[in-house]
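Enquirer: Below is the structure I would like to discuss, written out as structure tokens.
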Amino acid sequence: MTASPTPTVGDRRDPVSTWVDAVVERARTRFPLCAVVVGIPGSGRSALLNVVHERLRELDVAVSVGMPTGGDMDGTTLVLADDLHTWPGDLIARMATMIDAGTLGLIATTEPRETDSAIRLVLDLARRSGAVLELGTMSTADVLVQAARAGLTLTPATASLIRRRCGGARNVVTAALRAIREEAAAAAPGETVDELVIVERVARDRHHRLLRGLDPTTLSVLALASLRAPLDPESLAETLDVPYETAVEALDRARGSGLLHGADVFVSAAADPLRAVVGNRRLAQLRRTSIAVRLRASELTVDDALHAAESGIEDPRLVDTLLAGAADATAARAVVLLRAADRLEPGRDDVRLLMAQRALASGDVDGAGEVADLRLESAHPTEKGIEHWVGIAALVAAHRGLGSLAADLYRWLGPDNLAAESLSAVTALVGVGDREGAAAVAAVESAHPPVGARALRSRAVRGLLASVCADHEDGDDAVGLVVRGLTSAVPSGRDPAIGRTLHAATALALNSGDLDAARALRKAVGDCAAGAQLDVEIALTGGDLDMATRLLPDDEPAGAVDRLRTHAVHLGLARRNGDSSALAALWTGAPALLAATEMDLYLLRPLAEFWQAAARLDQTASIDRHVAAADRLLESLGNPVTWAAPWHFAGVQAAVIARDAELATERRRLLQGVAGRNAHASGLVAAARTWMALTFEPAGSVDDAQVAAAVATLRLRGLTWEASRLAGLAALRTDDPGSSADLLETARSVEADRRRPRPIDGLLTEREAEVARELLQGFTYREIGARLFISAKTVEHHVSRIRRRMDAGSRSELMAALRAAGYS
């Protein structure tokens with residue numbers, strides 16, 4: 001018979017009461033009896049035995065508390081034995097023989113024992129007649145019921161915390177609830193008591209008393225469990241220097257104490273009392289000894305290596321194990337493993353390189369930069385592997401908004417020494433307008449056989465170079481080359497260098513008006529901060545303001561460039577939503593962000609957002625020098641159409657917003673000079689001309705056909721917000737009611753198009769979509785984590801982000817939104 005601990009004996013529906021009644025009836029009728037209550041300390045088993053004893057006394061049933069002497073045995077003796085697990089094994093075995101022969105009855109309590117042969121023998125006898133009662137630990141519902149009986153009202157969350165801190169032991173929970181009630185009664189009017197502080201105190205005292213009563217070997221087993229050391233008998237025997245049988249018995253006692261749950265997981269609430277009883281010196285000794293035992297084993301795990309390093313153990317295998325573990329770990333864990341490896345072998349190049357790479361991936365730009373600077377201080381361009389260090393330093397510079405420094409680093413290294421860093425080098429050099437330097441890198445790359453990853457990398461290199469080429473035929477295929485190269489060659493977005501290159505490639509795709517290419521590139525980034533940033537920018541460019549708002553990061557980005565890009569999105573949303581007060585508030589931080597960041601090709605779109613926001617606020621003078629720097633960069637490259645056309649069109653928009661006809665004319669002239677070499681960009685000239693006419697010329701100077709053509713051009717380039725705005729402006733300027741109605745309908749059509757739900761892949765990342773599907777199948781966070789090989793905490797973060805993206809308040813709203821989006 002197995003039962004949850006239940007409160008009060010006497011409730012006929014209670015399995016505990018049923019057991020008591022059955023045992024008492026058998027004892028009264030002299031029926032052969034062997035009954036055992038099994039429970040951890042504090043489960044109430046001794047109190048239950050006292051209840052049985054009292055009931056038998058009321059019925060005048062003679063009992064012996066403890067084993068009588070041989071002379072007192074009359075063949076009908078009924079023995080009450082509390083804590084049978086503490087009795088000598090030979091005595092228990094003799095009792096079992098007498099019970100089996102019908103000359104002795106027994107009602108006993110014991111802690112759980114799996115390997116004690118004498119206890120198991122008695123339990124087998126009790127099970128024959130179904131008289132074993134197992135008192136399990138309390139559930140949260142049990143705690144709520146017990147609290148209600150004590151006159152307390154608890155939330156389920158508080159009840160769950162009380163259960164965990166008390167280890168589910170009934171007596172401890174009861175004591176904690178009693179203490180809460182007493183302190184609440186003694187509190188002054190209006191004074192509140194901290195329930196959890198009270199529970200912590202009661203549980204700590206209980207655990208301390210329990211641990212003080214354990215033998216040294218059992219305490220050592222529990223200490224090893226708290227250190228997450230292996231608890232198999234062989235390891236325990238070697239670590240504690242005891243015989244195998246002794247280790248088995250000690251492990252059995254440790255499990256029976258109630259301080260090991262599930263797969264021998266130590267109850268965390270007892271950690272401080274354990275440290276107080278065992279002592280820090282003994283804990284440290286056990287940790288070192290356990291690790292030494294594991295190191296002698298045939299296999300060495302990453303955790304073993306980390307614990308060994310933290311304990312000051314030196315072993316030639318440790319660094320390699322830590323290095324291998326860091327390669328597959330999350331960025332934060334990798335940094336921990338690599339720091340441990342560096343302490344073991346200070347200055348090892350491969351360890352520090354991976355440390356810098358993973359630090360950068362985790363957002364620790366300064367930490368990565370410090371390590372890279374130290375390594376490159378006395379380096380030579382021809383050193384083996386030095387290109388990887390240059391790549392780290394260049395990425396740090398790029399994060400800090402120093403694109404020219406990143407390019408200088410690759411120039412110092414030289415095109416012949418770049419190896420696998422060629423794509424990153426071309427990305428940096430193209431960004432600052434060094435077409436010749438990028439071409440030199442590409443030439444060295446093309447001298448090698450076009451196979452494997454190099455062939456795909458070469459496509460992306462050619463695409464980036466084509467984007468800054470004045471020849472429109474090469475420029476037209478730039479996006480296609482980059483997309484085909486990167487989406488085929490990039491396995492994940494974990495490498496920060498990939499994030500930088502994909503940001504550049506996505507900027508190229510957005511400047512070309514190819515939102516599909518931008519989404520394909522974003523998908524290649526994977527589930528990381530860089531991908532989240534691209535989601536926002538793609539949504540804003542495509543006119544999906546609601547989605548862009550939901551996707552905005554909660555925390556401020558670490559790097560100067562990412563801060564600039566995020567601020568540009570905020571400005572763009574405020575301007576498009578017509579929120580002048582928000583725009584003015586955001587502008588206070590804009591000049592400082594621009595001053596801290598060098599302009600490059602990949603930041604032209606964010607700069608355009610700053611430009612147009614400044615025009616709205618009549619603040620263009622404060623950013624004129626940044627606009628001029630962008631103009632000089634484009635002019636140095638011959639105004640390549642891919643980058644220059646959208647930039648000059650943005651200039652026309654800024655001039656129109658500022659009502660500056662002269663500036664608008666100048667920007668349109670520059671746009672026309674660029675677009676004349678490219679048919680795809682020529683539509684922007686017509687759109688700019690139409691926008692200017694609607695702003696600066698009398699009503700009726702633009703016919704409906706011109707407006708329709710301009711709207712179609714903007715929609716084709718993914719600029720749906722601009723298309724809707726232009727159609728609405730034209731409707732307001734016409735005197736013909738019919739034309740006005742048609743134009744308003746066009747504006748509504750464009751508006752509806754940009755508000756249409758995006759395809760599933762554009763809504764959630766791949767990982768979020770996986771989590772969503774698991775969630776809809778009813779799995780818990782822990783189960784989803786196990787199925788997707790991630791932690792339950794990570795699942796919780798994903799669900800929080802999904803909820804924000806789906807704009808769902810409650811769980812039911814989230815589930816409904818996911819089903820409606822097609823994730824079921």
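All residue names refer to the structure tokens as shown: chains lettered A, B, ... in order, residues numbered from 1 in each chain, ligands numbered from 1 in order.
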Quick one: everything within 9 Å of Ser64 of chain A, counting only C-alpha atoms, minus sequence neighbours fewer than 4 positions away in the same chain. Send it as a CSV table (one decimal) with N, CA and C atoms, in the first residue's frame.
Expert:
```csv
chain,number,residue,atom,x,y,z
A,68,PRO,N,11.3,-8.3,23.2
A,68,PRO,CA,11.4,-8.9,24.6
A,68,PRO,C,12.6,-9.9,24.7
A,77,THR,N,3.4,-13.0,21.2
A,77,THR,CA,3.9,-11.6,21.4
A,77,THR,C,3.8,-10.7,20.2
A,78,LEU,N,3.3,-9.5,20.4
A,78,LEU,CA,3.2,-8.5,19.4
A,78,LEU,C,4.2,-7.4,19.7
A,79,VAL,N,5.2,-7.2,18.8
A,79,VAL,CA,6.3,-6.2,19.0
A,79,VAL,C,6.0,-5.0,18.2
A,80,LEU,N,6.2,-3.8,18.9
A,80,LEU,CA,6.2,-2.5,18.2
A,80,LEU,C,7.7,-2.1,18.1
A,81,ALA,N,8.2,-1.9,16.9
A,81,ALA,CA,9.6,-1.6,16.7
A,81,ALA,C,9.7,-0.3,15.9
```
Enquirer: Would you mind listing what lies within 12 Å of Glu556 of chain A as a VMD selection string, with only C-alpha atoms counted and same-chain residues fewer than 3 positions away left out?
Expert: chain A and resid 363 529 533 552 to 553 559 to 567 570
Enquirer: As a ChimeraX atom specification, list the residues of segment 31-63 of chain A assigned to strand (DSSP E) by DSSP on the backbone atoms of this structure.
Expert: /A:34-39
Enquirer: If you count only C-alpha atoms, which residues fall within 7 Å of Ala654 of chain A, apart from same-chain ones fewer than 2 positions away, as a PyMOL selection string?
Expert: chain A and resi 611-612+615+650-652+656-658
Enquirer: I need the residues in segment 4-226 of chain A that are alpha helix (DSSP H) according to DSSP; give them as a ChimeraX atom specification.
Expert: /A:15-28,45-58,89-101,117-128,140-149,156-165,170-186,195-212,216-226
Enquirer: Could you check which of A:Arg57, A:Arg170, A:Arg128, A:Arg411 is closest to Asp142 of chain A, using only C-alpha atoms?
Expert: A:Arg170
Enquirer: Which of these residues is nearest to Asn577 of chain A, using only C-alpha atoms: A:Leu540, A:Val197, A:Leu154, A:Leu716?
Expert: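 Nearest to Asn577 of chain A: A:Leu540.
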Enquirer: Check the smallest atom-to-atom distance from each of A:Ala148, A:Ala203, A:Ala614, A:Leu719 to Phe649 of chain A using only C-alpha atoms, then report the winner.
Expert: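 Among A:Ala148, A:Ala203, A:Ala614, A:Leu719, it is A:Leu719 that comes nearest to Phe649 of chain A.
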Enquirer: Quick one: of A:Ala727, A:Ile386, A:Ala520, A:Leu486, who's nearest to Ile498 of chain A, counting only C-alpha atoms?
Expert: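 Checking each candidate against Ile498 of chain A, we get A:Leu486 as the closest.
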Enquirer: So which residues touch Leu818 of chain A within 10 Å, counting only C-alpha atoms, skipping near sequence neighbours fewer than 4 positions away, as an mmCIF file with N, CA, C and O atoms, in the first residue's frame?
Expert:
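This is the output file out_2.cif:
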```cif
data_model
loop_
_atom_site.group_PDB
_atom_site.id
_atom_site.type_symbol
_atom_site.label_atom_id
_atom_site.label_comp_id
_atom_site.auth_asym_id
_atom_site.auth_seq_id
_atom_site.Cartn_x
_atom_site.Cartn_y
_atom_site.Cartn_z
ATOM 1 N N ILE A 760 5.128 32.000 -42.027
ATOM 2 C CA ILE A 760 5.610 31.476 -40.741
ATOM 3 C C ILE A 760 7.104 31.718 -40.565
ATOM 4 O O ILE A 760 7.556 32.173 -39.535
ATOM 5 N N ALA A 769 10.166 28.435 -33.767
ATOM 6 C CA ALA A 769 9.103 27.647 -34.400
ATOM 7 C C ALA A 769 9.077 26.226 -33.835
ATOM 8 O O ALA A 769 8.008 25.653 -33.597
ATOM 9 N N ALA A 772 7.526 26.442 -30.477
ATOM 10 C CA ALA A 772 6.084 26.687 -30.606
ATOM 11 C C ALA A 772 5.336 25.392 -30.892
ATOM 12 O O ALA A 772 4.276 25.122 -30.308
ATOM 13 N N ARG A 773 5.867 24.590 -31.796
ATOM 14 C CA ARG A 773 5.186 23.335 -32.148
ATOM 15 C C ARG A 773 5.154 22.376 -30.961
ATOM 16 O O ARG A 773 4.161 21.681 -30.728
ATOM 17 N N LEU A 775 5.212 23.276 -27.846
ATOM 18 C CA LEU A 775 4.299 23.877 -26.880
ATOM 19 C C LEU A 775 2.848 23.523 -27.209
ATOM 20 O O LEU A 775 2.058 23.210 -26.320
ATOM 21 N N LEU A 776 2.521 23.556 -28.491
ATOM 22 C CA LEU A 776 1.152 23.245 -28.911
ATOM 23 C C LEU A 776 0.797 21.776 -28.686
ATOM 24 O O LEU A 776 -0.379 21.414 -28.624
ATOM 25 N N ILE A 802 8.479 34.518 -28.023
ATOM 26 C CA ILE A 802 7.369 34.159 -28.917
ATOM 27 C C ILE A 802 6.111 34.914 -28.506
ATOM 28 O O ILE A 802 5.387 35.446 -29.357
ATOM 29 N N ARG A 803 5.861 34.982 -27.215
ATOM 30 C CA ARG A 803 4.673 35.684 -26.714
ATOM 31 C C ARG A 803 4.716 37.154 -27.140
ATOM 32 O O ARG A 803 3.706 37.734 -27.550
ATOM 33 N N MET A 806 4.113 37.416 -30.931
ATOM 34 C CA MET A 806 2.727 37.129 -31.295
ATOM 35 C C MET A 806 1.761 38.112 -30.648
ATOM 36 O O MET A 806 0.551 38.036 -30.877
ATOM 37 N N ALA A 808 0.766 38.265 -27.595
ATOM 38 C CA ALA A 808 -0.200 37.477 -26.820
ATOM 39 C C ALA A 808 -0.026 37.785 -25.340
ATOM 40 O O ALA A 808 1.087 37.777 -24.820
ATOM 41 N N SER A 812 -3.494 31.240 -23.102
ATOM 42 C CA SER A 812 -4.526 30.834 -24.060
ATOM 43 C C SER A 812 -4.464 31.681 -25.326
ATOM 44 O O SER A 812 -4.649 31.173 -26.442
ATOM 45 N N GLU A 813 -4.181 32.979 -25.174
ATOM 46 C CA GLU A 813 -4.037 33.838 -26.348
ATOM 47 C C GLU A 813 -2.836 33.412 -27.186
ATOM 48 O O GLU A 813 -2.887 33.419 -28.417
ATOM 49 N N LEU A 814 -1.753 33.046 -26.507
ATOM 50 C CA LEU A 814 -0.559 32.600 -27.220
ATOM 51 C C LEU A 814 -0.848 31.335 -28.026
ATOM 52 O O LEU A 814 -0.484 31.239 -29.210
ATOM 53 N N GLY A 822 -0.451 28.862 -38.004
ATOM 54 C CA GLY A 822 -0.137 27.641 -38.731
ATOM 55 C C GLY A 822 0.950 26.783 -38.135
ATOM 56 O O GLY A 822 1.532 25.938 -38.818
ATOM 57 N N TYR A 823 1.236 26.966 -36.836
ATOM 58 C CA TYR A 823 2.312 26.179 -36.232
ATOM 59 C C TYR A 823 1.850 24.831 -35.691
ATOM 60 O O TYR A 823 2.650 24.057 -35.205
ATOM 61 N N SER A 824 0.561 24.556 -35.702
ATOM 62 C CA SER A 824 0.067 23.312 -35.108
ATOM 63 C C SER A 824 0.447 22.121 -35.967
ATOM 64 O O SER A 824 0.713 22.251 -37.149
#
```
Enquirer: Would you list the contacts of Val482 of chain A as a PyMOL selection string, taking every protein, DNA or RNA residue within 12 Å and counting only C-alpha atoms, but skipping same-chain residues closer than 5 positions in sequence?
Expert: chain A and resi 423+427+456-467+475-477+487-490+501-509+517-518+520-521
Enquirer: Quick one: residues within 9 Å of Asp349 of chain A, only C-alpha atoms, excluding same-chain residues fewer than 4 positions away - as a VMD selection string?
Expert: chain A and resid 353 to 354 375
Enquirer: Keeping only N, CA and C atoms, take the residues you just selected and write them out as a CSV table (one decimal), in the first residue's frame.
Expert:
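Contents of part.csv, as written:
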```
chain,number,residue,atom,x,y,z
A,353,LEU,N,42.7,31.9,-28.2
A,353,LEU,CA,42.0,32.3,-29.4
A,353,LEU,C,40.5,31.9,-29.3
A,354,LEU,N,40.3,30.7,-28.9
A,354,LEU,CA,38.9,30.3,-28.7
A,354,LEU,C,38.2,31.1,-27.6
A,375,ARG,N,47.8,39.6,-27.9
A,375,ARG,CA,48.4,38.6,-28.8
A,375,ARG,C,49.1,39.3,-30.0
```
Enquirer: So the first atom is atom CA of His53 of chain A and the second is atom CA of Leu104 of chain A; what is the distance between them in Å, to one decimal place?
Expert: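 Computed distance, atom CA of His53 of chain A to atom CA of Leu104 of chain A, equals 16.6 Å.
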Enquirer: Using only C-alpha atoms, find the one residue out of A:Ala397, A:Ala730, A:Leu607, A:Ala284 that sits nearest to Asp373 of chain A.
Expert: A:Ala397
Enquirer: Atom CA of Asn171 of chain A and atom CA of Arg228 of chain A are how many Å apart?
Expert: 27.8 Å
Enquirer: Between atom CA of Ala35 of chain A and atom CA of Trp19 of chain A, what is the distance, to one decimal in Å?
Expert: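 Spanning atom CA of Ala35 of chain A to atom CA of Trp19 of chain A is a straight-line distance of 9.1 Å.
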Enquirer: Just checking: using only C-alpha atoms, which residue out of A:Thr321, A:Asp514, A:Arg165, A:Arg358 ends up closest to Ser268 of chain A?
Expert: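 That would be A:Arg165, the residue with the smallest distance to Ser268 of chain A.
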